[in-house]
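One structure is given below, encoded as structure tokens.
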2 protein chains.
Amino acid sequence: MTRTDLNELRKDPLLGRWIAVLNRSLQPAEYGQDDCGKGIQEEDCILCEGREKETLPEIMRISDPAGPKRWLTRVVPNFAPVFKVEGDLGRRGEGMYDKMNSIGANEIIIESPMHNLPPEDMGLDQMVRVIRTYRERMADLEKDARLRYTLIYKNHGRLSGAQYGHPVSLLASTPVIPKRVKEELDGAKQYFAYKERCIFCDIIREELRVGTRVILETRYFAAFCPYASKFPFETWLLPKRHNCSFQEIQHDEMEDLALILATILKKMKALFPAISYNYFIHSAPNRVPRKDHWHTLGEDFHWHIEIMPRFVRTSGFEWGSGFYILPTSPEDAAKYLREV
Amino acid sequence: MTRTDLNELRKDPLLGRWIAVLNRSLQPAEYGQDDCGKGIQEEDCILCEGREKETLPEIMRISDPAGPKRWLTRVVPNFAPVFKVEGDLGRRGEGMYDKMNSIGANEIIIESPMHNLPPEDMGLDQMVRVIRTYRERMADLEKDARLRYTLIYKNHGRLSGAQYGHPVSLLASTPVIPKRVKEELDGAKQYFAYKERCIFCDIIREELRVGTRVILETRYFAAFCPYASKFPFETWLLPKRHNCSFQEIQHDEMEDLALILATILKKMKALFPAISYNYFIHSAPNRVPRKDHWHTLGEDFHWHIEIMPRFVRTSGFEWGSGFYILPTSPEDAAKYLREV
């Protein structure tokens with residue numbers, strides 16, 4: 001692979017945010033009208049069971065004990081990866097600006113052999129397997145010293161940016177810590193410096209004490225609508241045991257996470273039958289390349305899952321200000337989700 | 001007005017972002033399917049000429065010399081303001097969290113008496129009046145010591161979050177500096193501390209030197225696609241004369257800005273007939289409440305307009321990472337916009 005095959009990462013000199021520029025530019029005529037995310041239909045879906053040879057070579061699978069060739073979850077490379085595994089970072093300047101090669105990984109986590117299986121209906125055993133697949137991929141990619149962060153995320157429903165009809169989660173590993181994650185790390189670090197306590201542990205204690213924003217509490221997890229949610233019905237899942245790293249989740253905790261995640265998604269579907277949402281895991285950045293930074297991160301960061309329902313169309317106000325308006329209060333949203 | 005009539009501003013303890021919670025919560029059934037922003041039709045539009053008595057009392061107008069009762073631009077309060085003018089800030093804590101009353105202003109800047117007049121077709125004289133209206137409203141609101149920032153923004157097209165069929169811009173004054181603006185101020189300040197030069201002045205020089213991302217240069221302004229754009233065909237308009245404050249724009253510069261803004265919008269429409277976009281002005285925060293901070297802001301910040309076409313549906317990747325993927329490079333986008 002030559003350098004020109006690689007997409008480029010560029011740094012915004014004002015905000016410090018990295019963006020990726022694709023090396024083959026779309027022409028204006030290729031920008032269609034928004035299709036409201038219909039997704040790929042079952043007959044055209046190569047993520048389904050029986051079409052394994054049509055994807056790129058499999059990265060991992062959880063096999064189905066029922067048959068030697070059958071699988072329960074599968075991970076394959078993305079068909080059009082923005083971040084590519086081969087190559088060096090090639091950090092360099094361009095005039096006053098900074099760029100590097102778009103090294104990383106883009107993977108598709110196929111959550112089930114079946115095409116039409118909404119995540120809330122896959123059953124707890126399967127949800128545990130999906131979570132185990134998340135953990136194994138993150139742990140594996142952490143070994144690559146070029147990569148700083150692995151984001152696992154899910155797009156569900158026509159307003160979520162979903163591209164596949166098949167139930168999938170997606171994974172992106174990047175050679176930089178993404179801006180949104182860096183902001184959380186910095187915020188948590190500042191709080192820790194002042195209070196000498198983890199802000200997430202404090203939030204869990206506060207939420208469980210007040211109770212009005214809590215949807216559900218299980219043995220190991222708490223689910224609540226955050227005090228200053230960005231979107232209505234936004235829900236966070238936090239492990240009650242302090243740990244910065246999702247990869248260190250234990251077996252009991254995975255079972256419990258599957259239960260609380262499936263329950264929240266079922267509740268959202270019951271309240272909003274056509275719901276679109278995104279969820280993602282925020283965990284500490286990879287340790288290997290940043291041994292020194294790690295030492296404090298362990299104390300001041302706390303992994304979690306954010307679920308963001310997508311009802312609201314963002315406008316120039318949100319993009320220009322970073323200010324969000326919440327038409328339903330977190331207290332009311334939690335009440336609806338508790339009671340449904 | 002009692003305190004309970006006011007919406008509430010809440011601070012995200014992790015990210016420092018403020019959000020507004022409406023005091024009357026929407027119920028789940030009130031979240032409709034996304035209507036793709038059809039907007040209000042002409043027969044129902046009370047922003048049109050002749051229906052002046054149906055809006056809330058007018059805040060300002062530019063009169064039409066053609067007739068004593070006629071107007072060319074008009075500003076009225078928003079029908080459902082999130083930020084309200086009356087009341088005190090009432091900063092206070094709630095458990096571990098922070099909140100205040102949603103004091104501020106929400107105004108509708110009616111850009112024309114006519115309902116069906118796309119901004120790129122209003123003509124230069126009218127565009128100058130719109131810009132003058134922006135300036136007058138910002139200068140007026142700056143006098144209110146409770147307000148820290150005034151954002152003027154525009155939503156155009158069905159994917160932009162637009163609510164009105166009538167050509168309007170919108171204004172929101174807030175008692176806090178919005179997160180997105182604060183990030184720019186902080187970034188510009190850091191650069192200034194290191195380089196002792198305004199980052200925006202450096203960007204203008206660099207863009208005009210390289211030329212590949214420039215769309216248009218006029219006497220007072222430069223329009224280009226930024227090196228690390230967030231969205232494809234994103235365009236920034238920067239005054240070549242260093243000034244942190246949009247309100248200090250001179251008459252000649254207003255004429256020139258009208259020309260460059262109208263030309264860019266015309267070019268975007270020519271390339272994408274059904275385009276949706278947002279644009280907004282980023283200017284320095286209000287001076288009155290922050291006299292000390294102001295002194296450096298004058299040197300290290302530089303007002304500008306950002307135009308963001310809305311083709312791309314954001315997914316869990318963007319929301320989870322703050323990382324953006326650009327399917328068309330800024331160099332190619334600028335070329336298409338230059339040549340159309």
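Here, A, B, ... name the chains of the structure tokens in the order displayed, residue numbers run from 1 inside each chain, and ligands are numbered from 1 in the same displayed order.
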Show me, as a tab-separated table, the residues of chain B having an atom within 6 Å of chain A, each with the closest atom pair and its distance in Å, using only C-alpha atoms.
residue	atom	partner	partner_atom	distance
B:Arg10	CA	A:Ala228	CA	5.6
B:Asp12	CA	A:Ala228	CA	5.0
B:Leu14	CA	A:Gly187	CA	4.9
B:Leu15	CA	A:Gly187	CA	5.7
B:Ile19	CA	A:Tyr324	CA	4.9
B:Ala20	CA	A:Ile325	CA	4.8
B:Val21	CA	A:Leu326	CA	4.8
B:Leu22	CA	A:Pro327	CA	5.4
B:Ser25	CA	A:Thr328	CA	4.2
B:Leu26	CA	A:Thr328	CA	5.1
B:Tyr153	CA	A:Gly316	CA	5.7
B:Asn155	CA	A:Gly316	CA	5.8
B:Ser160	CA	A:Ser315	CA	5.5
B:Gly161	CA	A:Ser315	CA	4.5
B:Pro178	CA	A:Ser321	CA	5.1
B:Lys179	CA	A:Gly322	CA	5.3
B:Arg180	CA	A:Gly322	CA	4.8
B:Gly187	CA	A:Leu14	CA	4.9
B:Ala228	CA	A:Asp12	CA	5.0
B:Asn278	CA	A:Gly316	CA	4.9
B:Arg313	CA	A:Gly161	CA	5.4
B:Thr314	CA	A:Gly161	CA	5.8
B:Ser315	CA	A:Gly161	CA	4.5
B:Gly316	CA	A:Asn278	CA	4.9
B:Ser321	CA	A:Arg180	CA	4.9
B:Gly322	CA	A:Arg180	CA	4.8
B:Phe323	CA	A:Ile19	CA	5.5
B:Tyr324	CA	A:Ile19	CA	4.9
B:Ile325	CA	A:Ala20	CA	4.8
B:Leu326	CA	A:Val21	CA	4.8
B:Pro327	CA	A:Leu22	CA	5.4
B:Thr328	CA	A:Ser25	CA	4.2
B:Ser329	CA	A:Val21	CA	5.8
Using the selection just defined, write its residues with N, CA and C atoms as a JSON list (two decimals), in the first residue's frame.
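File result.json, as written:
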[["chain", "number", "residue", "atom", "x", "y", "z"],
["B", 10, "ARG", "N", -28.70, 24.32, 32.93],
["B", 10, "ARG", "CA", -27.96, 23.38, 33.78],
["B", 10, "ARG", "C", -26.57, 23.17, 33.19],
["B", 12, "ASP", "N", -23.31, 20.83, 32.61],
["B", 12, "ASP", "CA", -22.77, 19.47, 32.57],
["B", 12, "ASP", "C", -21.49, 19.49, 33.39],
["B", 14, "LEU", "N", -19.15, 17.42, 33.78],
["B", 14, "LEU", "CA", -17.99, 16.79, 33.16],
["B", 14, "LEU", "C", -17.42, 17.68, 32.06],
["B", 15, "LEU", "N", -18.30, 18.18, 31.18],
["B", 15, "LEU", "CA", -17.83, 18.90, 29.99],
["B", 15, "LEU", "C", -17.92, 20.41, 30.13],
["B", 19, "ILE", "N", -26.84, 23.54, 29.18],
["B", 19, "ILE", "CA", -28.00, 23.16, 28.36],
["B", 19, "ILE", "C", -29.23, 23.82, 28.99],
["B", 20, "ALA", "N", -30.29, 23.96, 28.19],
["B", 20, "ALA", "CA", -31.53, 24.56, 28.70],
["B", 20, "ALA", "C", -32.60, 23.48, 28.82],
["B", 21, "VAL", "N", -33.27, 23.45, 29.97],
["B", 21, "VAL", "CA", -34.37, 22.50, 30.17],
["B", 21, "VAL", "C", -35.67, 23.30, 30.16],
["B", 22, "LEU", "N", -36.59, 22.95, 29.28],
["B", 22, "LEU", "CA", -37.86, 23.67, 29.21],
["B", 22, "LEU", "C", -38.73, 23.30, 30.41],
["B", 25, "SER", "N", -42.39, 20.08, 30.09],
["B", 25, "SER", "CA", -41.78, 18.96, 29.37],
["B", 25, "SER", "C", -42.72, 18.42, 28.29],
["B", 26, "LEU", "N", -42.16, 18.11, 27.13],
["B", 26, "LEU", "CA", -42.90, 17.36, 26.12],
["B", 26, "LEU", "C", -43.11, 15.93, 26.62],
["B", 153, "TYR", "N", -27.78, 33.29, 13.83],
["B", 153, "TYR", "CA", -27.62, 32.10, 12.99],
["B", 153, "TYR", "C", -28.79, 31.97, 12.03],
["B", 155, "ASN", "N", -30.98, 28.99, 9.61],
["B", 155, "ASN", "CA", -31.28, 27.62, 9.21],
["B", 155, "ASN", "C", -31.98, 27.69, 7.87],
["B", 160, "SER", "N", -31.97, 21.48, 7.80],
["B", 160, "SER", "CA", -31.21, 22.46, 8.58],
["B", 160, "SER", "C", -31.80, 22.72, 9.96],
["B", 161, "GLY", "N", -32.95, 22.12, 10.26],
["B", 161, "GLY", "CA", -33.64, 22.48, 11.50],
["B", 161, "GLY", "C", -34.54, 23.70, 11.34],
["B", 178, "PRO", "N", -21.33, 30.30, 25.15],
["B", 178, "PRO", "CA", -21.59, 28.92, 24.74],
["B", 178, "PRO", "C", -20.28, 28.14, 24.54],
["B", 179, "LYS", "N", -20.36, 26.85, 24.80],
["B", 179, "LYS", "CA", -19.18, 25.96, 24.76],
["B", 179, "LYS", "C", -18.41, 26.07, 23.45],
["B", 180, "ARG", "N", -19.12, 26.04, 22.34],
["B", 180, "ARG", "CA", -18.44, 26.05, 21.04],
["B", 180, "ARG", "C", -17.65, 27.35, 20.83],
["B", 187, "GLY", "N", -8.82, 28.30, 22.04],
["B", 187, "GLY", "CA", -7.86, 27.88, 21.02],
["B", 187, "GLY", "C", -7.08, 29.07, 20.48],
["B", 228, "ALA", "N", -9.37, 21.83, 7.86],
["B", 228, "ALA", "CA", -9.93, 20.68, 8.59],
["B", 228, "ALA", "C", -11.43, 20.91, 8.81],
["B", 278, "ASN", "N", -26.69, 25.72, 7.46],
["B", 278, "ASN", "CA", -26.75, 26.66, 8.58],
["B", 278, "ASN", "C", -25.59, 27.62, 8.41],
["B", 313, "ARG", "N", -25.65, 12.78, 7.51],
["B", 313, "ARG", "CA", -26.34, 12.46, 8.75],
["B", 313, "ARG", "C", -25.30, 12.01, 9.77],
["B", 314, "THR", "N", -25.22, 12.71, 10.89],
["B", 314, "THR", "CA", -24.25, 12.32, 11.91],
["B", 314, "THR", "C", -24.68, 11.00, 12.56],
["B", 315, "SER", "N", -23.68, 10.20, 12.94],
["B", 315, "SER", "CA", -23.96, 8.89, 13.53],
["B", 315, "SER", "C", -23.32, 8.81, 14.91],
["B", 316, "GLY", "N", -23.41, 7.62, 15.50],
["B", 316, "GLY", "CA", -22.77, 7.39, 16.80],
["B", 316, "GLY", "C", -21.28, 7.67, 16.76],
["B", 321, "SER", "N", -17.28, 10.47, 19.27],
["B", 321, "SER", "CA", -15.86, 10.81, 19.16],
["B", 321, "SER", "C", -15.59, 12.29, 18.94],
["B", 322, "GLY", "N", -16.54, 13.03, 18.35],
["B", 322, "GLY", "CA", -16.24, 14.39, 17.94],
["B", 322, "GLY", "C", -15.30, 14.43, 16.74],
["B", 323, "PHE", "N", -15.13, 13.30, 16.10],
["B", 323, "PHE", "CA", -14.29, 13.12, 14.93],
["B", 323, "PHE", "C", -15.22, 13.23, 13.72],
["B", 324, "TYR", "N", -14.82, 13.91, 12.65],
["B", 324, "TYR", "CA", -15.69, 14.00, 11.47],
["B", 324, "TYR", "C", -14.98, 13.46, 10.25],
["B", 325, "ILE", "N", -15.76, 12.90, 9.32],
["B", 325, "ILE", "CA", -15.21, 12.33, 8.10],
["B", 325, "ILE", "C", -15.68, 13.16, 6.92],
["B", 326, "LEU", "N", -14.73, 13.56, 6.09],
["B", 326, "LEU", "CA", -15.00, 14.50, 5.01],
["B", 326, "LEU", "C", -14.97, 13.76, 3.68],
["B", 327, "PRO", "N", -16.14, 13.49, 3.09],
["B", 327, "PRO", "CA", -16.12, 12.72, 1.84],
["B", 327, "PRO", "C", -15.61, 13.52, 0.64],
["B", 328, "THR", "N", -15.58, 14.86, 0.74],
["B", 328, "THR", "CA", -14.99, 15.67, -0.32],
["B", 328, "THR", "C", -13.92, 16.55, 0.32],
["B", 329, "SER", "N", -12.73, 16.58, -0.23],
["B", 329, "SER", "CA", -11.66, 17.36, 0.40],
["B", 329, "SER", "C", -11.96, 18.84, 0.27]]
(request) Using only C-alpha atoms, determine which residues lie at most 6 Å from Phe224 (chain B), disregarding the query and same-chain residues fewer than 3 positions distant; provide the list as number ranges by chain. (result) B: 213-215, 235-236
Selected residues written out with N, CA and C atoms, as an mmCIF file, in the first residue's frame:
data_model
loop_
_atom_site.group_PDB
_atom_site.id
_atom_site.type_symbol
_atom_site.label_atom_id
_atom_site.label_comp_id
_atom_site.auth_asym_id
_atom_site.auth_seq_id
_atom_site.Cartn_x
_atom_site.Cartn_y
_atom_site.Cartn_z
ATOM 1 N N ARG B 213 -7.693 26.346 -1.412
ATOM 2 C CA ARG B 213 -8.956 26.247 -0.669
ATOM 3 C C ARG B 213 -9.769 27.544 -0.724
ATOM 4 N N VAL B 214 -9.246 28.544 -1.450
ATOM 5 C CA VAL B 214 -9.941 29.836 -1.549
ATOM 6 C C VAL B 214 -11.041 29.749 -2.599
ATOM 7 N N ILE B 215 -12.210 30.263 -2.280
ATOM 8 C CA ILE B 215 -13.306 30.318 -3.245
ATOM 9 C C ILE B 215 -13.351 31.702 -3.876
ATOM 10 N N THR B 235 -17.767 26.425 4.467
ATOM 11 C CA THR B 235 -17.106 27.637 3.982
ATOM 12 C C THR B 235 -17.035 28.666 5.103
ATOM 13 N N TRP B 236 -15.874 29.306 5.250
ATOM 14 C CA TRP B 236 -15.721 30.377 6.237
ATOM 15 C C TRP B 236 -15.534 31.698 5.515
#
(message) Using only C-alpha atoms for the distances, tell me which of A:Ile103, A:Ile260, A:Ala80, A:Met114 is nearest to Gly50 (chain A).
(response)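 Closest to Gly50 (chain A), using only C-alpha atoms: A:Met114.
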(message) as a ChimeraX atom specification, please: every residue in region 53-257 of chain A that a backbone DSSP assignment puts in helix (DSSP H, G or I).
(response) /A:53-54,119-121,124-141,179-195,199-210,246-248,251-257
(message) Taking the DSSP secondary structure from the backbone, can you list the residues of region 51-233 of chain B that are strand (DSSP E or B), as an MDAnalysis selection string?
(response) chainID B and resid 60:63 71:77 84 92:94 97:101 103 105:110 149:156 168:174 214:217 221:224
(request) Provide the CA of Tyr194 (chain B) to CA of Asp300 (chain B) distance in Å, to one decimal place. (result)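 Atom-to-atom, CA of Tyr194 (chain B) to CA of Asp300 (chain B), that is 11.2 Å.
Proximity ranking of A:Leu6, A:Ala223, A:Leu208, A:Val340 relative to Met100 (chain A) places A:Leu6 first, based on only C-alpha atoms.
Near Leu238 (chain B), within a cut-off of 6 Å and counting only C-alpha atoms, sit the residues Phe221, Ala222 and His304 of chain B, with same-chain residues fewer than 6 positions away left out.
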Could the residues in this selection be saved with C-alpha atoms as a short mmCIF file (atom, residue, chain, number, x, y, z; two decimals), in the first residue's frame?
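Result written to part01.cif:
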data_model
loop_
_atom_site.label_atom_id
_atom_site.label_comp_id
_atom_site.auth_asym_id
_atom_site.auth_seq_id
_atom_site.Cartn_x
_atom_site.Cartn_y
_atom_site.Cartn_z
CA PHE B 221 -13.17 39.54 2.87
CA ALA B 222 -11.86 36.08 2.01
CA HIS B 304 -16.11 35.37 11.15
#
